[in-house]
>>> print(open('work.cif').read())   # mmCIF, C-alpha atoms and all ligand atoms
data_structure
#
loop_
_atom_site.label_atom_id
_atom_site.label_comp_id
_atom_site.auth_asym_id
_atom_site.auth_seq_id
_atom_site.Cartn_x
_atom_site.Cartn_y
_atom_site.Cartn_z
CA MET A 10 -9.37 -8.28 -79.40
CA THR A 11 -7.99 -4.75 -79.36
CA ASP A 12 -7.35 -2.92 -76.12
CA SER A 13 -10.33 -0.62 -76.62
CA ARG A 14 -12.70 -3.53 -77.34
CA GLU A 15 -11.35 -5.33 -74.28
CA ASN A 16 -11.94 -2.26 -72.19
CA ARG A 17 -15.50 -1.95 -73.50
CA ALA A 18 -16.18 -5.48 -72.25
CA ARG A 19 -15.30 -4.44 -68.73
CA VAL A 20 -17.93 -2.94 -66.46
CA GLY A 21 -17.67 -0.68 -63.44
CA ILE A 22 -18.48 -2.49 -60.19
CA SER A 23 -18.85 -0.53 -56.98
CA PHE A 24 -18.75 -2.22 -53.63
CA THR A 25 -17.32 -1.81 -50.17
CA VAL A 26 -14.24 -3.68 -49.00
CA ASN A 27 -13.31 -3.55 -45.34
CA GLY A 28 -15.39 -0.41 -44.97
CA GLN A 29 -13.79 1.41 -47.90
CA PRO A 30 -15.84 2.19 -51.04
CA GLN A 31 -14.17 0.72 -54.13
CA THR A 32 -14.93 0.85 -57.85
CA VAL A 33 -13.19 -1.59 -60.15
CA HIS A 34 -13.43 -2.09 -63.90
CA ALA A 35 -13.61 -5.78 -64.51
CA TYR A 36 -15.15 -8.44 -66.71
CA PRO A 37 -18.50 -9.36 -65.16
CA MET A 38 -17.52 -13.01 -64.66
CA GLU A 39 -14.10 -12.24 -63.19
CA ARG A 40 -13.74 -13.93 -59.85
CA LEU A 41 -14.04 -11.84 -56.70
CA LEU A 42 -10.86 -13.60 -55.52
CA ASP A 43 -8.86 -12.27 -58.48
CA VAL A 44 -10.23 -8.75 -58.14
CA LEU A 45 -9.35 -8.68 -54.44
CA ARG A 46 -5.86 -10.03 -54.98
CA GLN A 47 -4.88 -8.39 -58.26
CA GLU A 48 -6.85 -5.15 -58.48
CA LEU A 49 -7.05 -4.26 -54.81
CA GLN A 50 -3.80 -5.91 -53.63
CA LEU A 51 -5.64 -7.69 -50.82
CA THR A 52 -3.72 -10.95 -50.94
CA GLY A 53 -4.98 -12.43 -47.67
CA ALA A 54 -7.57 -14.59 -49.42
CA LYS A 55 -5.68 -17.50 -50.94
CA GLU A 56 -6.37 -19.72 -53.93
CA GLY A 57 -6.23 -23.38 -53.01
CA CYS A 58 -8.51 -25.55 -55.15
CA GLY A 59 -10.24 -22.84 -57.19
CA GLU A 60 -13.36 -25.01 -57.12
CA GLY A 61 -15.18 -24.18 -53.90
CA GLU A 62 -13.79 -27.15 -51.99
CA CYS A 63 -11.07 -25.88 -49.65
CA GLY A 64 -12.23 -22.56 -48.16
CA SER A 65 -8.84 -20.86 -48.38
CA CYS A 66 -10.41 -18.04 -50.42
CA CYS A 67 -13.26 -17.34 -47.97
CA VAL A 68 -14.43 -13.79 -47.36
CA LEU A 69 -17.59 -12.36 -45.84
CA MET A 70 -20.05 -10.79 -48.28
CA ASP A 71 -22.93 -8.99 -46.60
CA GLY A 72 -22.16 -11.09 -43.54
CA ILE A 73 -22.34 -14.41 -45.40
CA LEU A 74 -19.28 -16.63 -45.71
CA VAL A 75 -18.51 -17.12 -49.42
CA ASN A 76 -15.81 -18.84 -51.42
CA SER A 77 -14.51 -15.88 -53.41
CA CYS A 78 -13.20 -18.24 -56.12
CA LEU A 79 -16.84 -18.97 -57.00
CA VAL A 80 -18.24 -15.42 -56.87
CA PRO A 81 -18.38 -13.47 -60.16
CA ILE A 82 -17.47 -9.86 -59.41
CA LEU A 83 -20.83 -8.77 -60.85
CA GLN A 84 -22.49 -10.33 -57.80
CA ALA A 85 -20.48 -8.06 -55.53
CA GLU A 86 -22.09 -4.89 -56.91
CA GLY A 87 -23.32 -2.90 -53.89
CA ALA A 88 -22.15 -5.54 -51.42
CA SER A 89 -20.07 -5.13 -48.31
CA VAL A 90 -17.06 -7.47 -48.40
CA VAL A 91 -14.80 -8.20 -45.44
CA THR A 92 -11.43 -9.85 -45.94
CA ILE A 93 -8.86 -10.92 -43.39
CA GLU A 94 -7.16 -7.53 -43.85
CA GLY A 95 -10.27 -5.86 -42.42
CA LEU A 96 -10.40 -7.70 -39.11
CA ALA A 97 -7.67 -6.09 -37.05
CA GLY A 98 -8.41 -2.75 -35.46
CA GLY A 99 -5.26 -0.76 -36.27
CA GLU A 100 -2.36 -2.36 -34.36
CA ARG A 101 -4.75 -4.53 -32.37
CA LEU A 102 -5.37 -8.01 -33.76
CA HIS A 103 -8.88 -9.42 -33.81
CA VAL A 104 -9.51 -11.80 -30.89
CA LEU A 105 -9.59 -14.76 -33.30
CA GLN A 106 -6.25 -13.75 -34.83
CA GLU A 107 -4.73 -13.54 -31.33
CA ALA A 108 -6.14 -16.92 -30.34
CA PHE A 109 -4.96 -18.61 -33.55
CA LEU A 110 -1.46 -17.29 -32.93
CA GLU A 111 -1.40 -18.32 -29.28
CA CYS A 112 -2.93 -21.78 -29.76
CA GLY A 113 -0.89 -22.75 -32.83
CA GLY A 114 -3.94 -22.66 -35.07
CA ALA A 115 -1.88 -21.08 -37.86
CA GLN A 116 1.06 -23.07 -39.19
CA CYS A 117 1.80 -22.75 -42.93
CA GLY A 118 -0.92 -20.09 -43.00
CA ILE A 119 -2.53 -21.00 -46.32
CA CYS A 120 -5.86 -21.92 -44.76
CA THR A 121 -5.69 -19.34 -41.98
CA PRO A 122 -7.39 -16.27 -43.51
CA GLY A 123 -10.35 -18.33 -44.72
CA MET A 124 -10.45 -20.34 -41.52
CA ILE A 125 -10.53 -17.20 -39.37
CA LEU A 126 -13.30 -15.64 -41.46
CA ALA A 127 -15.27 -18.88 -41.18
CA ALA A 128 -14.75 -18.70 -37.42
CA VAL A 129 -15.92 -15.06 -37.37
CA HIS A 130 -19.05 -16.15 -39.21
CA LEU A 131 -19.55 -19.04 -36.80
CA LEU A 132 -19.16 -16.93 -33.65
CA ASN A 133 -21.46 -14.23 -35.04
CA GLY A 134 -24.23 -16.81 -35.19
CA LYS A 135 -23.21 -18.92 -32.20
CA PRO A 136 -21.18 -17.01 -29.61
CA GLU A 137 -20.46 -20.04 -27.38
CA PRO A 138 -20.11 -23.06 -29.67
CA MET A 139 -19.35 -26.57 -28.48
CA PRO A 140 -16.32 -28.28 -30.09
CA GLU A 141 -18.60 -30.31 -32.33
CA GLU A 142 -20.35 -27.15 -33.48
CA ILE A 143 -16.98 -25.60 -34.26
CA ARG A 144 -16.07 -28.65 -36.36
CA GLU A 145 -19.35 -28.32 -38.23
CA GLY A 146 -18.98 -24.56 -38.65
CA LEU A 147 -15.51 -24.94 -40.13
CA ALA A 148 -16.28 -28.06 -42.17
CA GLY A 149 -15.90 -26.18 -45.46
CA ASN A 150 -12.34 -25.12 -44.61
CA LEU A 151 -9.53 -27.60 -45.07
CA CYS A 152 -6.21 -27.53 -43.20
CA ARG A 153 -3.31 -29.79 -44.08
CA CYS A 154 -1.10 -28.83 -41.15
CA THR A 155 -2.80 -28.68 -37.79
CA GLY A 156 -5.02 -31.72 -37.53
CA TYR A 157 -7.70 -29.17 -36.55
CA SER A 158 -7.33 -29.59 -32.78
CA GLN A 159 -5.39 -26.33 -32.36
CA ILE A 160 -7.92 -24.55 -34.54
CA ILE A 161 -10.82 -25.77 -32.43
CA GLU A 162 -8.90 -24.76 -29.33
CA ALA A 163 -8.29 -21.29 -30.81
CA VAL A 164 -11.94 -20.74 -31.65
CA THR A 165 -12.98 -21.96 -28.20
CA GLU A 166 -10.50 -19.59 -26.59
CA ALA A 167 -11.64 -16.64 -28.73
CA ALA A 168 -15.26 -17.36 -27.82
CA ARG A 169 -14.32 -17.49 -24.14
CA ARG A 170 -12.50 -14.14 -24.36
CA ARG A 171 -15.39 -12.52 -26.19
CA THR A 172 -17.98 -13.63 -23.68
CA THR A 173 -15.86 -12.70 -20.64
CA ALA A 174 -14.60 -9.36 -22.04
S1 LIG A 201 -9.81 -21.70 -53.61
FE1 LIG A 201 -11.87 -21.21 -53.26
S2 LIG A 201 -12.67 -22.90 -52.16
FE2 LIG A 201 -10.64 -23.51 -52.66
S1 LIG A 202 -2.04 -24.07 -41.36
FE1 LIG A 202 -1.30 -25.01 -43.20
S2 LIG A 202 -3.11 -25.58 -44.26
FE2 LIG A 202 -3.81 -24.91 -42.32
#
>>> encode(input="work.cif", output="structure tokens")
Amino acid sequence: MTDSRENRARVGISFTVNGQPQTVHAYPMERLLDVLRQELQLTGAKEGCGEGECGSCCVLMDGILVNSCLVPILQAEGASVVTIEGLAGGERLHVLQEAFLECGGAQCGICTPGMILAAVHLLNGKPEPMPEEIREGLAGNLCRCTGYSQIIEAVTEAARRRTTA
């Protein structure tokens, strides 16, 4: 396929990422994960399995937790996407980022961006979850390093700080 024919196969997709309007020219079935990482240089979302099983690529799309490895970019048209890069407020880390750091919930870091976004999603729906509810809320996110106890501790601590702030 020539360059010009390739370019004709691409479509313009406009959406919002971390509050910034973006327009990309991509193949409709290109994965949101690849567009974020390669076109927009937002490399926080990681590719683990590439099959919707590990959660390392999680982002929020219109407030819903999605595996960006399974989302064709066409589906993002008009959507509001939040990645891990959008959580901190300037120099100030998000309360979940602080708690993960302090509780040892981030070790190798591969799962961490997706895990934190899953935790954001969880706390948005359930501000004071019990440990079992945290396990359930993060069940789609796999971690090879922590054994999960530090992650549950971090989410519990973040919830406590949010409700007492
Ligand atoms: S890389 Fe998307 S779920 Fe594993
Ligand atoms: S911190 Fe390494 S996979 Fe979770």
>>> atom_distance(input="work.cif", atom1="atom CA of A:Ala168", atom2="atom CA of A:Asn76")
23.7 Å
>>> closest_atom_pairs(input="work.cif", of="chain A", to="ligand LIG 202 (chain A)", cutoff="10 Å", atoms="all atoms listed in the file", output="tab-separated table")
residue	atom	partner	partner_atom	distance
A:Gly57	CA	A:LIG202	S2	9.5
A:Cys63	CA	A:LIG202	S2	9.6
A:Ser65	CA	A:LIG202	S2	8.5
A:Phe109	CA	A:LIG202	S1	10.0
A:Gly113	CA	A:LIG202	S1	8.7
A:Gly114	CA	A:LIG202	S1	6.7
A:Ala115	CA	A:LIG202	S1	4.6
A:Gln116	CA	A:LIG202	S1	3.9
A:Cys117	CA	A:LIG202	FE1	3.8
A:Gly118	CA	A:LIG202	S1	4.4
A:Ile119	CA	A:LIG202	S2	5.1
A:Cys120	CA	A:LIG202	FE2	4.4
A:Thr121	CA	A:LIG202	FE2	5.9
A:Pro122	CA	A:LIG202	FE2	9.4
A:Gly123	CA	A:LIG202	FE2	9.6
A:Met124	CA	A:LIG202	FE2	8.1
A:Asn150	CA	A:LIG202	FE2	8.8
A:Leu151	CA	A:LIG202	S2	6.8
A:Cys152	CA	A:LIG202	FE2	3.7
A:Arg153	CA	A:LIG202	S2	4.2
A:Cys154	CA	A:LIG202	FE1	4.3
A:Thr155	CA	A:LIG202	S1	5.9
A:Gly156	CA	A:LIG202	FE2	8.4
A:Tyr157	CA	A:LIG202	FE2	8.2
A:Gln159	CA	A:LIG202	S1	9.9
A:Ile160	CA	A:LIG202	FE2	8.8
>>> residues_around(input="work.cif", residues="stretch 24-33 of chain A", least_positions_apart="3", cutoff="10 Å", atoms="all atoms listed in the file", output="PyMOL selection string")
chain A and resi 19-21+36+44-45+48-49+51+69-71+82-96
>>> atom_distance(input="work.cif", atom1="atom CA of A:Ser23", atom2="atom CA of A:Pro37")
12.0 Å
>>> closest_residue(input="work.cif", among="A:Gln47, A:Thr52, A:Ser77, A:Thr173", to="ligand LIG 201 (chain A)", atoms="all atoms listed in the file")
A:Ser77
>>> atom_distance(input="work.cif", atom1="atom CA of A:Glu137", atom2="atom CA of A:Gly99")
26.1 Å
>>> residues_near_ligand(input="work.cif", ligand="ligand LIG 201 (chain A)", cutoff="7 Å", atoms="all atoms listed in the file", output="short mmCIF file (atom, residue, chain, number, x, y, z; two decimals) with C-alpha atoms, in the coordinates of the input")
data_model
loop_
_atom_site.label_atom_id
_atom_site.label_comp_id
_atom_site.auth_asym_id
_atom_site.auth_seq_id
_atom_site.Cartn_x
_atom_site.Cartn_y
_atom_site.Cartn_z
CA LYS A 55 -5.68 -17.50 -50.94
CA GLU A 56 -6.37 -19.72 -53.93
CA GLY A 57 -6.23 -23.38 -53.01
CA CYS A 58 -8.51 -25.55 -55.15
CA GLY A 59 -10.24 -22.84 -57.19
CA GLU A 60 -13.36 -25.01 -57.12
CA GLY A 61 -15.18 -24.18 -53.90
CA GLU A 62 -13.79 -27.15 -51.99
CA CYS A 63 -11.07 -25.88 -49.65
CA GLY A 64 -12.23 -22.56 -48.16
CA SER A 65 -8.84 -20.86 -48.38
CA CYS A 66 -10.41 -18.04 -50.42
CA CYS A 67 -13.26 -17.34 -47.97
CA ASN A 76 -15.81 -18.84 -51.42
CA SER A 77 -14.51 -15.88 -53.41
CA CYS A 78 -13.20 -18.24 -56.12
CA LEU A 79 -16.84 -18.97 -57.00
#
>>> axis_aligned_box(input="work.cif", around="stretch 89-101 of chain A", padding_each_side="5 Å", output="lines of an AutoDock Vina configuration file")
center_x = -11.2
center_y = -5.8
center_z = -40.4
size_x = 27.7
size_y = 20.2
size_z = 26.0
>>> residues_around(input="work.cif", residues="A:Glu166", least_positions_apart="5", cutoff="9 Å", atoms="all atoms listed in the file", output="ChimeraX atom specification")
/A:104-105,108-109,112,161,171
>>> closest_residue(input="work.cif", among="A:Ser158, A:Ala35, A:Arg169, A:Ile73", to="A:Pro138", atoms="only C-alpha atoms")
A:Arg169
>>> closest_residue(input="work.cif", among="A:Val164, A:Arg170, A:Leu41, A:His130", to="A:Ile143", atoms="only C-alpha atoms")
A:Val164
>>> residues_around(input="work.cif", residues="A:Gln106", least_positions_apart="4", cutoff="8 Å", atoms="only C-alpha atoms", output="short mmCIF file (atom, residue, chain, number, x, y, z; two decimals) with C-alpha atoms, in the frame of the given file")
data_model
loop_
_atom_site.label_atom_id
_atom_site.label_comp_id
_atom_site.auth_asym_id
_atom_site.auth_seq_id
_atom_site.Cartn_x
_atom_site.Cartn_y
_atom_site.Cartn_z
CA LEU A 102 -5.37 -8.01 -33.76
CA LEU A 110 -1.46 -17.29 -32.93
CA ILE A 125 -10.53 -17.20 -39.37
#
>>> build_atoms(input="work.cif", residues="stretch 31-50 of chain A", atoms="N, CA, C and O atoms", output="CSV table (one decimal), in the coordinates of the input")
chain,number,residue,atom,x,y,z
A,31,GLN,N,-15.1,1.0,-53.0
A,31,GLN,CA,-14.2,0.7,-54.1
A,31,GLN,C,-15.0,0.6,-55.4
A,31,GLN,O,-16.1,0.2,-55.4
A,32,THR,N,-14.4,1.1,-56.5
A,32,THR,CA,-14.9,0.8,-57.8
A,32,THR,C,-13.8,0.2,-58.7
A,32,THR,O,-12.7,0.7,-58.8
A,33,VAL,N,-14.2,-0.9,-59.3
A,33,VAL,CA,-13.2,-1.6,-60.2
A,33,VAL,C,-13.8,-1.7,-61.5
A,33,VAL,O,-15.0,-1.7,-61.7
A,34,HIS,N,-13.0,-1.8,-62.5
A,34,HIS,CA,-13.4,-2.1,-63.9
A,34,HIS,C,-13.0,-3.5,-64.3
A,34,HIS,O,-11.8,-3.8,-64.4
A,35,ALA,N,-13.9,-4.4,-64.4
A,35,ALA,CA,-13.6,-5.8,-64.5
A,35,ALA,C,-14.6,-6.5,-65.4
A,35,ALA,O,-15.7,-5.9,-65.7
A,36,TYR,N,-14.2,-7.6,-66.0
A,36,TYR,CA,-15.2,-8.4,-66.7
A,36,TYR,C,-16.2,-9.0,-65.7
A,36,TYR,O,-15.8,-9.4,-64.6
A,37,PRO,N,-17.4,-9.0,-66.1
A,37,PRO,CA,-18.5,-9.4,-65.2
A,37,PRO,C,-18.3,-10.7,-64.5
A,37,PRO,O,-18.6,-10.9,-63.3
A,38,MET,N,-17.7,-11.7,-65.2
A,38,MET,CA,-17.5,-13.0,-64.7
A,38,MET,C,-16.2,-13.2,-64.0
A,38,MET,O,-15.8,-14.3,-63.6
A,39,GLU,N,-15.4,-12.1,-63.9
A,39,GLU,CA,-14.1,-12.2,-63.2
A,39,GLU,C,-14.4,-12.7,-61.8
A,39,GLU,O,-15.4,-12.2,-61.2
A,40,ARG,N,-13.5,-13.4,-61.2
A,40,ARG,CA,-13.7,-13.9,-59.8
A,40,ARG,C,-13.4,-12.8,-58.8
A,40,ARG,O,-12.4,-12.1,-58.9
A,41,LEU,N,-14.3,-12.8,-57.8
A,41,LEU,CA,-14.0,-11.8,-56.7
A,41,LEU,C,-12.6,-12.1,-56.1
A,41,LEU,O,-11.9,-11.1,-55.8
A,42,LEU,N,-12.2,-13.3,-56.0
A,42,LEU,CA,-10.9,-13.6,-55.5
A,42,LEU,C,-9.8,-12.9,-56.3
A,42,LEU,O,-8.9,-12.3,-55.7
A,43,ASP,N,-9.9,-12.9,-57.6
A,43,ASP,CA,-8.9,-12.3,-58.5
A,43,ASP,C,-8.9,-10.8,-58.4
A,43,ASP,O,-7.9,-10.1,-58.3
A,44,VAL,N,-10.1,-10.2,-58.3
A,44,VAL,CA,-10.2,-8.8,-58.1
A,44,VAL,C,-9.6,-8.3,-56.8
A,44,VAL,O,-8.9,-7.3,-56.8
A,45,LEU,N,-9.9,-9.0,-55.8
A,45,LEU,CA,-9.4,-8.7,-54.4
A,45,LEU,C,-7.8,-8.7,-54.5
A,45,LEU,O,-7.1,-7.8,-54.1
A,46,ARG,N,-7.3,-9.8,-55.0
A,46,ARG,CA,-5.9,-10.0,-55.0
A,46,ARG,C,-5.1,-9.2,-56.0
A,46,ARG,O,-4.1,-8.6,-55.7
A,47,GLN,N,-5.7,-9.0,-57.2
A,47,GLN,CA,-4.9,-8.4,-58.3
A,47,GLN,C,-5.2,-6.9,-58.4
A,47,GLN,O,-4.3,-6.1,-58.7
A,48,GLU,N,-6.5,-6.6,-58.3
A,48,GLU,CA,-6.8,-5.2,-58.5
A,48,GLU,C,-6.7,-4.4,-57.2
A,48,GLU,O,-6.3,-3.2,-57.2
A,49,LEU,N,-7.0,-5.0,-56.1
A,49,LEU,CA,-7.0,-4.3,-54.8
A,49,LEU,C,-5.9,-4.6,-53.9
A,49,LEU,O,-5.7,-4.1,-52.8
A,50,GLN,N,-5.0,-5.5,-54.4
A,50,GLN,CA,-3.8,-5.9,-53.6
A,50,GLN,C,-4.1,-6.4,-52.2
A,50,GLN,O,-3.3,-6.3,-51.3
